file coords18.tsv (TSV, C-alpha atoms)
chain	number	residue	atom	x	y	z
A	152	MET	CA	0.00	0.00	0.00
A	153	VAL	CA	2.82	2.40	0.86
A	154	GLU	CA	4.46	1.68	-2.49
A	155	ASN	CA	1.19	2.44	-4.27
A	156	ILE	CA	0.84	5.74	-2.40
A	157	LEU	CA	4.44	6.72	-3.20
A	158	GLY	CA	3.78	5.89	-6.85
A	159	VAL	CA	0.74	8.19	-6.92
A	160	LEU	CA	2.72	10.97	-5.22
A	161	ALA	CA	5.32	10.67	-8.00
A	162	THR	CA	2.81	11.34	-10.81
A	163	PRO	CA	4.32	13.82	-13.36
A	164	ILE	CA	2.57	17.20	-13.39
A	165	THR	CA	2.28	19.64	-16.27
A	166	PHE	CA	-0.11	22.51	-15.65
A	167	TYR	CA	-1.46	25.37	-17.81
A	168	GLY	CA	-3.42	28.35	-16.52
A	169	LYS	CA	-4.61	31.81	-17.50
A	170	VAL	CA	-5.52	34.84	-15.37
A	171	ILE	CA	-8.27	37.22	-16.48
A	172	ASP	CA	-10.17	40.06	-14.81
A	173	GLN	CA	-13.93	40.27	-14.33
A	174	ASN	CA	-14.31	41.62	-17.88
A	175	GLY	CA	-12.31	38.82	-19.49
A	176	ASN	CA	-9.15	40.88	-20.04
A	177	PRO	CA	-5.81	39.08	-19.46
A	178	VAL	CA	-3.97	39.99	-16.26
A	179	PRO	CA	-0.19	40.08	-16.75
A	180	ASP	CA	2.38	39.86	-13.95
A	181	ALA	CA	0.03	38.09	-11.53
A	182	ALA	CA	1.79	36.12	-8.82
A	183	VAL	CA	1.07	32.40	-9.07
A	184	GLY	CA	1.43	30.05	-6.12
A	185	TYR	CA	1.52	26.26	-6.50
A	186	SER	CA	1.40	23.55	-3.84
A	187	ALA	CA	2.06	19.96	-4.96
A	188	LEU	CA	1.09	17.00	-2.80
A	189	ASP	CA	4.28	15.02	-3.36
A	190	LYS	CA	5.22	13.71	0.10
A	191	PHE	CA	3.82	10.96	2.31
A	192	MET	CA	2.65	12.17	5.74
A	193	ALA	CA	4.35	15.54	5.24
A	194	PRO	CA	3.62	18.98	3.75
A	195	GLY	CA	3.94	19.16	-0.03
A	196	THR	CA	6.33	21.28	-2.09
A	197	GLY	CA	5.56	24.88	-3.00
A	198	TYR	CA	6.45	26.65	-6.23
A	199	THR	CA	5.90	30.16	-7.59
A	200	GLY	CA	5.43	31.68	-11.02
A	201	THR	CA	4.16	34.76	-12.87
A	202	SER	CA	1.61	35.22	-15.63
A	203	ASP	CA	2.88	36.58	-18.97
A	204	GLU	CA	1.56	39.53	-21.01
A	205	ASN	CA	-1.38	37.36	-22.12
A	206	GLY	CA	-2.19	36.28	-18.58
A	207	LYS	CA	-0.91	32.76	-19.23
A	208	PHE	CA	1.33	30.68	-16.99
A	209	SER	CA	2.47	27.07	-16.73
A	210	ILE	CA	4.62	24.70	-14.74
A	211	SER	CA	6.12	21.30	-15.58
A	212	ASP	CA	8.81	18.86	-14.46
A	213	ILE	CA	7.25	18.54	-11.01
A	214	LYS	CA	5.44	15.60	-9.40
A	215	GLY	CA	2.49	15.01	-7.11
A	216	ALA	CA	-0.95	13.48	-6.64
A	217	ARG	CA	-2.65	16.87	-6.30
A	218	LEU	CA	-1.83	20.44	-7.30
A	219	SER	CA	-3.36	23.52	-5.65
A	220	VAL	CA	-3.03	26.83	-7.51
A	221	ASN	CA	-3.81	30.42	-6.54
A	222	VAL	CA	-3.23	33.79	-8.24
A	223	ARG	CA	-2.90	37.28	-6.75
A	224	LYS	CA	-1.95	40.78	-7.85
A	225	ASN	CA	-1.84	44.19	-6.19
A	226	GLY	CA	-4.77	46.31	-7.33
A	227	TYR	CA	-6.99	43.24	-7.73
A	228	TYR	CA	-9.29	41.37	-5.37
A	229	PHE	CA	-8.83	37.66	-4.70
A	230	ILE	CA	-12.11	35.76	-5.23
A	231	ASP	CA	-12.30	32.52	-3.30
A	232	GLY	CA	-13.23	29.72	-5.69
A	233	LYS	CA	-12.33	31.76	-8.78
A	234	SER	CA	-8.79	32.91	-7.98
A	235	ASN	CA	-7.81	29.48	-6.69
A	236	ALA	CA	-8.47	25.84	-7.61
A	237	ALA	CA	-7.16	22.31	-7.02
A	238	PHE	CA	-6.44	19.58	-9.58
A	239	ALA	CA	-6.08	15.79	-9.46
A	240	TYR	CA	-3.14	14.06	-11.14
A	241	GLY	CA	-2.50	10.77	-9.41
A	242	THR	CA	-6.19	9.86	-8.99
A	243	GLY	CA	-9.50	10.84	-10.56
A	244	SER	CA	-11.27	14.13	-10.07
A	245	ASP	CA	-14.07	14.62	-7.54
A	246	GLY	CA	-16.23	17.47	-6.32
A	247	TYR	CA	-13.19	19.48	-5.22
A	248	PHE	CA	-10.24	18.36	-7.34
A	249	GLN	CA	-10.64	19.05	-11.06
A	250	ASN	CA	-9.22	17.27	-14.07
A	251	PRO	CA	-5.87	18.73	-15.21
A	252	PRO	CA	-6.12	21.41	-17.92
A	253	THR	CA	-4.34	21.31	-21.28
A	254	LYS	CA	-2.29	23.85	-23.19
A	255	GLU	CA	-5.20	24.34	-25.59
A	256	ASN	CA	-7.70	24.68	-22.72
A	257	PRO	CA	-5.89	26.22	-19.74
A	258	ALA	CA	-7.56	26.55	-16.36
A	259	ILE	CA	-9.09	30.01	-15.98
A	260	PHE	CA	-8.51	32.10	-12.85
A	261	ILE	CA	-10.37	35.36	-12.24
A	262	LEU	CA	-9.23	38.43	-10.29
A	263	GLN	CA	-11.51	41.42	-9.71
A	264	LYS	CA	-9.84	44.67	-10.75
A	265	MET	CA	-10.04	47.43	-8.19
A	266	GLY	CA	-12.15	50.40	-9.26
A	267	THR	CA	-11.83	54.11	-8.50
A	268	THR	CA	-11.19	54.61	-4.80
A	269	GLU	CA	-11.33	57.48	-2.33
A	270	SER	CA	-9.60	57.92	1.00
A	271	LEU	CA	-11.66	56.22	3.70
A	272	ILE	CA	-11.59	56.05	7.49
A	273	ARG	CA	-11.21	52.40	8.45
A	274	VAL	CA	-11.90	50.91	11.84
A	275	SER	CA	-10.38	47.43	11.95
A	276	SER	CA	-12.18	44.52	13.61
A	277	ARG	CA	-13.09	45.54	17.13
A	278	GLN	CA	-14.89	43.53	19.81
A	279	ILE	CA	-17.64	45.44	21.61
A	280	ASP	CA	-19.63	44.04	24.52
A	281	VAL	CA	-23.38	44.66	24.20
A	282	PRO	CA	-25.89	44.49	27.10
A	283	ARG	CA	-28.23	41.52	26.68
A	284	THR	CA	-31.34	43.08	28.25
A	285	GLY	CA	-32.24	45.90	25.85
A	286	GLN	CA	-30.00	48.79	26.92
A	287	PRO	CA	-28.84	50.57	23.72
A	288	MET	CA	-25.13	50.71	22.92
A	289	SER	CA	-23.91	53.65	20.82
A	290	ILE	CA	-20.89	53.10	18.52
A	291	ASN	CA	-18.96	55.66	16.49
A	292	LEU	CA	-18.29	54.25	12.99
A	293	ALA	CA	-15.37	56.68	12.52
A	294	THR	CA	-13.49	55.57	15.64
A	295	GLY	CA	-15.00	52.30	16.89
A	296	ARG	CA	-15.45	53.88	20.30
A	297	THR	CA	-18.61	53.47	22.33
A	298	GLY	CA	-20.61	56.25	23.95
A	299	GLN	CA	-21.84	59.00	21.66
A	300	GLY	CA	-21.91	57.45	18.20
A	301	ASN	CA	-23.79	57.24	14.92
A	302	LEU	CA	-24.78	53.55	15.19
A	303	GLN	CA	-27.03	52.22	17.93
A	304	VAL	CA	-26.97	48.51	18.78
A	305	THR	CA	-29.49	46.90	21.12
A	306	SER	CA	-29.85	43.22	21.96
A	307	TRP	CA	-32.23	40.94	23.82
A	308	ILE	CA	-30.86	37.50	24.69
A	309	GLY	CA	-33.01	34.67	26.05
A	310	ASP	CA	-31.90	32.04	28.53
A	311	SER	CA	-28.57	31.16	26.93
A	312	LYS	CA	-28.07	28.29	29.38
A	313	GLN	CA	-30.73	26.47	27.35
A	314	ARG	CA	-29.58	25.96	23.76
A	315	PRO	CA	-31.05	26.86	21.38
A	316	PHE	CA	-32.37	30.14	22.76
A	317	ASP	CA	-34.14	33.22	21.37
A	318	TRP	CA	-31.96	36.20	20.55
A	319	ARG	CA	-32.38	39.40	18.56
A	320	TYR	CA	-30.54	42.60	17.76
A	321	HIS	CA	-31.74	46.03	16.65
A	322	LEU	CA	-29.43	48.25	14.60
A	323	SER	CA	-30.29	51.88	13.90
A	324	VAL	CA	-28.71	55.12	12.67
A	325	PRO	CA	-30.23	58.24	14.26
A	326	GLY	CA	-31.17	60.71	11.52
A	327	GLY	CA	-30.12	58.23	8.82
A	328	GLY	CA	-30.64	54.60	7.93
A	329	LEU	CA	-29.31	51.18	7.00
A	330	ILE	CA	-29.55	48.82	4.07
A	331	GLU	CA	-28.05	45.33	3.83
A	332	ARG	CA	-24.98	44.91	1.62
A	333	LYS	CA	-25.23	41.73	-0.45
A	334	GLY	CA	-22.29	41.49	-2.87
A	335	GLN	CA	-18.57	41.20	-2.17
A	336	PHE	CA	-17.85	43.93	-4.69
A	337	ASP	CA	-20.77	46.26	-3.93
A	338	PHE	CA	-18.80	49.35	-2.99
A	339	GLU	CA	-21.18	52.19	-3.86
A	340	ALA	CA	-23.72	52.96	-1.18
A	341	PRO	CA	-27.29	53.10	-2.54
A	342	ALA	CA	-28.84	56.54	-3.00
A	343	ASP	CA	-32.10	55.51	-1.31
A	344	GLY	CA	-34.00	52.59	0.21
A	345	TYR	CA	-32.55	52.96	3.72
A	346	GLN	CA	-34.45	51.78	6.78
A	347	PRO	CA	-34.18	53.63	10.09
A	348	THR	CA	-33.98	50.32	11.99
A	349	ILE	CA	-32.96	46.78	11.02
A	350	GLU	CA	-33.69	43.77	13.20
A	351	VAL	CA	-31.75	40.53	13.29
A	352	ASN	CA	-34.02	37.94	14.87
A	353	MET	CA	-33.03	34.36	15.69
A	354	ALA	CA	-35.83	32.28	17.18
A	355	ALA	CA	-34.99	29.21	19.27
A	356	ASN	CA	-37.00	27.06	16.87
A	357	ALA	CA	-35.28	28.39	13.74
A	358	GLU	CA	-34.43	25.60	11.29
A	359	GLN	CA	-30.83	26.77	10.96
A	360	TRP	CA	-30.33	28.15	14.43
A	361	THR	CA	-26.97	29.66	15.35
A	362	ALA	CA	-25.59	31.96	18.01
A	363	ARG	CA	-23.02	33.31	15.54
A	364	LEU	CA	-24.03	35.39	12.55
A	365	THR	CA	-22.29	37.85	10.21
A	366	LYS	CA	-24.06	40.67	8.36
A	367	GLU	CA	-22.90	43.60	6.22
A	368	TYR	CA	-24.63	46.94	5.84
A	369	PHE	CA	-24.43	50.32	4.16
A	370	ALA	CA	-25.17	53.25	6.46
A	371	LYS	CA	-26.41	56.72	5.58
A	372	LEU	CA	-25.39	58.82	8.55
A	373	GLY	CA	-27.27	61.73	10.02
A	374	ASP	CA	-24.62	64.22	8.85
A	375	GLY	CA	-24.96	63.16	5.18
A	376	LYS	CA	-21.87	60.90	5.07
A	377	TYR	CA	-21.89	57.25	4.04
A	378	ALA	CA	-20.27	54.15	5.53
A	379	ARG	CA	-20.28	50.39	5.20
A	380	PHE	CA	-19.59	47.92	7.95
A	381	SER	CA	-19.58	44.25	8.79
A	382	VAL	CA	-20.88	43.05	12.13
A	383	ARG	CA	-20.42	39.58	13.59
A	384	PHE	CA	-22.96	38.77	16.29
A	385	TYR	CA	-21.94	36.52	19.18
A	386	ALA	CA	-25.09	35.93	21.23
A	387	GLY	CA	-24.89	34.35	24.67
A	388	ASP	CA	-23.69	34.83	28.21
A	389	ARG	CA	-20.71	36.78	26.89
A	390	ASN	CA	-22.73	38.88	24.46
A	391	PHE	CA	-20.76	40.97	21.99
A	392	VAL	CA	-20.30	42.04	18.37
A	393	VAL	CA	-17.15	42.34	16.26
A	394	LEU	CA	-17.37	45.41	14.06
A	395	GLU	CA	-15.28	46.55	11.08
A	396	SER	CA	-16.22	49.77	9.28
A	397	TYR	CA	-15.27	52.01	6.34
A	398	LEU	CA	-16.46	55.63	6.33
A	399	ASN	CA	-16.13	58.18	3.53
A	400	PRO	CA	-15.31	61.56	5.10
A	401	ILE	CA	-16.44	63.45	1.97
A	402	LEU	CA	-19.96	64.73	2.51
A	403	GLY	CA	-22.40	63.05	0.13
A	404	SER	CA	-19.87	60.71	-1.52
A	405	ARG	CA	-21.22	57.15	-1.76
A	406	ASN	CA	-17.94	55.59	-2.91
A	407	LEU	CA	-16.84	53.06	-0.27
A	408	GLU	CA	-14.19	51.08	-2.14
A	409	PHE	CA	-11.18	50.76	0.14
A	410	ASP	CA	-7.56	51.19	-0.91
A	411	PRO	CA	-5.09	50.43	1.93
A	412	THR	CA	-2.74	53.10	0.54
A	413	LYS	CA	-5.37	55.85	1.06
A	414	VAL	CA	-6.33	55.43	4.70
A	415	VAL	CA	-7.55	58.50	6.58
A	416	LYS	CA	-6.76	58.47	10.29
A	417	SER	CA	-9.69	58.31	12.70
A	418	PRO	CA	-10.49	61.61	14.38
call {"tool": "encode", "arguments": {"input": "coords18.tsv", "output": "structure tokens"}}
result
Amino acid sequence: MVENILGVLATPITFYGKVIDQNGNPVPDAAVGYSALDKFMAPGTGYTGTSDENGKFSISDIKGARLSVNVRKNGYYFIDGKSNAAFAYGTGSDGYFQNPPTKENPAIFILQKMGTTESLIRVSSRQIDVPRTGQPMSINLATGRTGQGNLQVTSWIGDSKQRPFDWRYHLSVPGGGLIERKGQFDFEAPADGYQPTIEVNMAANAEQWTARLTKEYFAKLGDGKYARFSVRFYAGDRNFVVLESYLNPILGSRNLEFDPTKVVKSP
């Protein structure tokens, strides 16, 4: 059996790929990372490469039973499941590992090109304890500090010693509103359709009950500025949220695409 496994791990690999953007244009100079499963009971061997002016890349003269490939480039977004893939060489393909590509039909990898950006105020992931009995918590989306803020969070948590339990959160923006953000690359805040209050309600008898939930929202603030934020709810005895936000300091600008090189410091 060991000999058979070692034979599979020694399968010759020749791989062909191509990187394109969301519009189908080739992406040159993308960094390519390979990981070949070529060792028994040990981590495989890693290799690197670069796409050419036509977005194409290849590797050969290596061995392994599996090959994992990912592509990245500054100024582009990595898309899980489209910017990476895994391929079967020593055994057949399955729901995860694909058949190896050919030179005539290379594997296609997609990167999302970054659009026009503005300088944003970013508050990195911050844990904030929230009372579980309905007392409102005010959070400042420009600083992440609690107290006087532009986002109000209120929660009601049932008897968390009995799982599953009822829990719910209210989110509101005084003088403004909220709307749920659906797409990974939705960076422009909507012009209208905002709700003054959004409720996240998890009943104890919910079919897919969980005490952990992540949501993303656009916020129209009371002063006419726009923000987007993600909030991870952790309902229970230790009741808290983890918040990450991006705020455009330009009055009325709805552009919320973040460029790490254009960060504005929190006030």
call {"tool": "closest_residue", "arguments": {"input": "coords18.tsv", "among": "A:Val183, A:Ala193, A:Ala386, A:Ala258", "to": "Ser306 of chain A", "atoms": "all atoms listed in the file"}}
result
A:Ala386
call {"tool": "closest_residue", "arguments": {"input": "coords18.tsv", "among": "A:Asp212, A:Gly300, A:Pro287, A:Pro315", "to": "Glu358 of chain A", "atoms": "only C-alpha atoms"}}
result
A:Pro315
call {"tool": "residues_around", "arguments": {"input": "coords18.tsv", "residues": "Arg319 of chain A", "least_positions_apart": "6", "cutoff": "12 Å", "atoms": "only C-alpha atoms", "output": "JSON, numbers by chain"}}
result
{"A": [281, 282, 283, 284, 285, 304, 305, 306, 307, 308, 309, 349, 350, 351, 352, 353, 354, 355, 361, 362, 363, 364, 384, 385, 386, 387, 390]}
call {"tool": "closest_atom_pairs", "arguments": {"input": "coords18.tsv", "of": "segment 346-402 of chain A", "to": "segment 327-330 of chain A", "cutoff": "6 Å", "atoms": "only C-alpha atoms", "output": "CSV"}}
result
residue,atom,partner,partner_atom,distance
A:Gln346,CA,A:Gly328,CA,4.9
A:Pro347,CA,A:Gly328,CA,4.3
A:Tyr368,CA,A:Ile330,CA,5.6
A:Phe369,CA,A:Ile330,CA,5.3
A:Ala370,CA,A:Leu329,CA,4.7
A:Lys371,CA,A:Gly327,CA,5.2
A:Leu372,CA,A:Gly327,CA,4.8
A:Gly373,CA,A:Gly327,CA,4.7
call {"tool": "closest_residue", "arguments": {"input": "coords18.tsv", "among": "A:Asn256, A:Thr162, A:Asn225, A:Thr199", "to": "Ile213 of chain A", "atoms": "all atoms listed in the file"}}
result
A:Thr162
call {"tool": "atom_distance", "arguments": {"input": "coords18.tsv", "atom1": "atom CA of Ala357 of chain A", "atom2": "atom CA of Ser381 of chain A"}}
result
22.9 Å
call {"tool": "closest_atom_pairs", "arguments": {"input": "coords18.tsv", "of": "segment 334-414 of chain A", "to": "segment 291-294 of chain A", "cutoff": "10 Å", "atoms": "only C-alpha atoms", "output": "CSV"}}
result
residue,atom,partner,partner_atom,distance
A:Ala370,CA,A:Leu292,CA,9.5
A:Leu372,CA,A:Leu292,CA,9.5
A:Ala378,CA,A:Leu292,CA,7.7
A:Arg379,CA,A:Leu292,CA,8.9
A:Phe380,CA,A:Leu292,CA,8.2
A:Leu394,CA,A:Leu292,CA,9.0
A:Glu395,CA,A:Leu292,CA,8.5
A:Ser396,CA,A:Leu292,CA,6.2
A:Tyr397,CA,A:Leu292,CA,7.6
A:Leu398,CA,A:Ala293,CA,6.4
A:Asn399,CA,A:Ala293,CA,9.1
A:Pro400,CA,A:Ala293,CA,8.9
call {"tool": "residues_near_point", "arguments": {"input": "coords18.tsv", "point": "(-19.1, 62.4, -1.4)", "cutoff": "12 Å", "atoms": "all atoms listed in the file", "output": "list in words"}}
result
Thr268, Glu269, Ser270, Leu271, Glu339, Ala340, Ala342, Lys371, Asp374, Gly375, Lys376, Tyr377, Ala378, Leu398, Asn399, Pro400, Ile401, Leu402, Gly403, Ser404, Arg405, Asn406 and Leu407 of chain A
call {"tool": "atom_distance", "arguments": {"input": "coords18.tsv", "atom1": "atom CA of Ile210 of chain A", "atom2": "atom CA of Pro251 of chain A"}}
result
12.1 Å
call {"tool": "residues_around", "arguments": {"input": "coords18.tsv", "residues": "Pro257 of chain A", "least_positions_apart": "5", "cutoff": "7 Å", "atoms": "only C-alpha atoms", "output": "count of residues only"}}
result
4
call {"tool": "residues_around", "arguments": {"input": "coords18.tsv", "residues": "Leu160 of chain A", "least_positions_apart": "4", "cutoff": "8 Å", "atoms": "only C-alpha atoms", "output": "PyMOL selection string"}}
result
chain A and resi 156+188-191+214-216+241
call {"tool": "write_last_selection", "arguments": {"input": "coords18.tsv", "atoms": "C-alpha atoms", "output": "PDB file, in the coordinates of the input"}}
result
ATOM      1  CA  ILE A 156       0.840   5.740  -2.400  1.00  0.00           C
ATOM      2  CA  LEU A 188       1.090  17.000  -2.800  1.00  0.00           C
ATOM      3  CA  ASP A 189       4.280  15.020  -3.360  1.00  0.00           C
ATOM      4  CA  LYS A 190       5.220  13.710   0.100  1.00  0.00           C
ATOM      5  CA  PHE A 191       3.820  10.960   2.310  1.00  0.00           C
ATOM      6  CA  LYS A 214       5.440  15.600  -9.400  1.00  0.00           C
ATOM      7  CA  GLY A 215       2.490  15.010  -7.110  1.00  0.00           C
ATOM      8  CA  ALA A 216      -0.950  13.480  -6.640  1.00  0.00           C
ATOM      9  CA  GLY A 241      -2.500  10.770  -9.410  1.00  0.00           C
TER      10      GLY A 241
END
call {"tool": "residues_around", "arguments": {"input": "coords18.tsv", "residues": "Tyr198 of chain A", "least_positions_apart": "5", "cutoff": "7 Å", "atoms": "all atoms listed in the file", "output": "list in words"}}
result
Gly184, Tyr185 and Ser186 of chain A
call {"tool": "atom_distance", "arguments": {"input": "coords18.tsv", "atom1": "atom CA of Gly197 of chain A", "atom2": "atom CA of Lys264 of chain A"}}
result
26.2 Å
call {"tool": "closest_residue", "arguments": {"input": "coords18.tsv", "among": "A:Phe238, A:Phe260, A:His321, A:Asn174", "to": "Ser202 of chain A", "atoms": "all atoms listed in the file"}}
result
A:Phe260
call {"tool": "closest_residue", "arguments": {"input": "coords18.tsv", "among": "A:Ile230, A:Val392, A:Met288, A:Leu322", "to": "Gly334 of chain A", "atoms": "only C-alpha atoms"}}
result
A:Ile230
call {"tool": "residues_around", "arguments": {"input": "coords18.tsv", "residues": "Lys254 of chain A", "least_positions_apart": "5", "cutoff": "10 Å", "atoms": "all atoms listed in the file", "output": "JSON, numbers by chain"}}
result
{"A": [165, 166, 167, 168, 207, 208, 209]}
call {"tool": "axis_aligned_box", "arguments": {"input": "coords18.tsv", "around": "segment 358-368 of chain A", "padding_each_side": "4 Å", "output": "lines of an AutoDock Vina configuration file"}}
result
center_x = -28.4
center_y = 36.3
center_z = 11.9
size_x = 20.1
size_y = 29.3
size_z = 20.2
call {"tool": "closest_residue", "arguments": {"input": "coords18.tsv", "among": "A:Ser275, A:Ser219, A:Gln313, A:Thr348", "to": "Ser417 of chain A", "atoms": "only C-alpha atoms"}}
result
A:Ser275
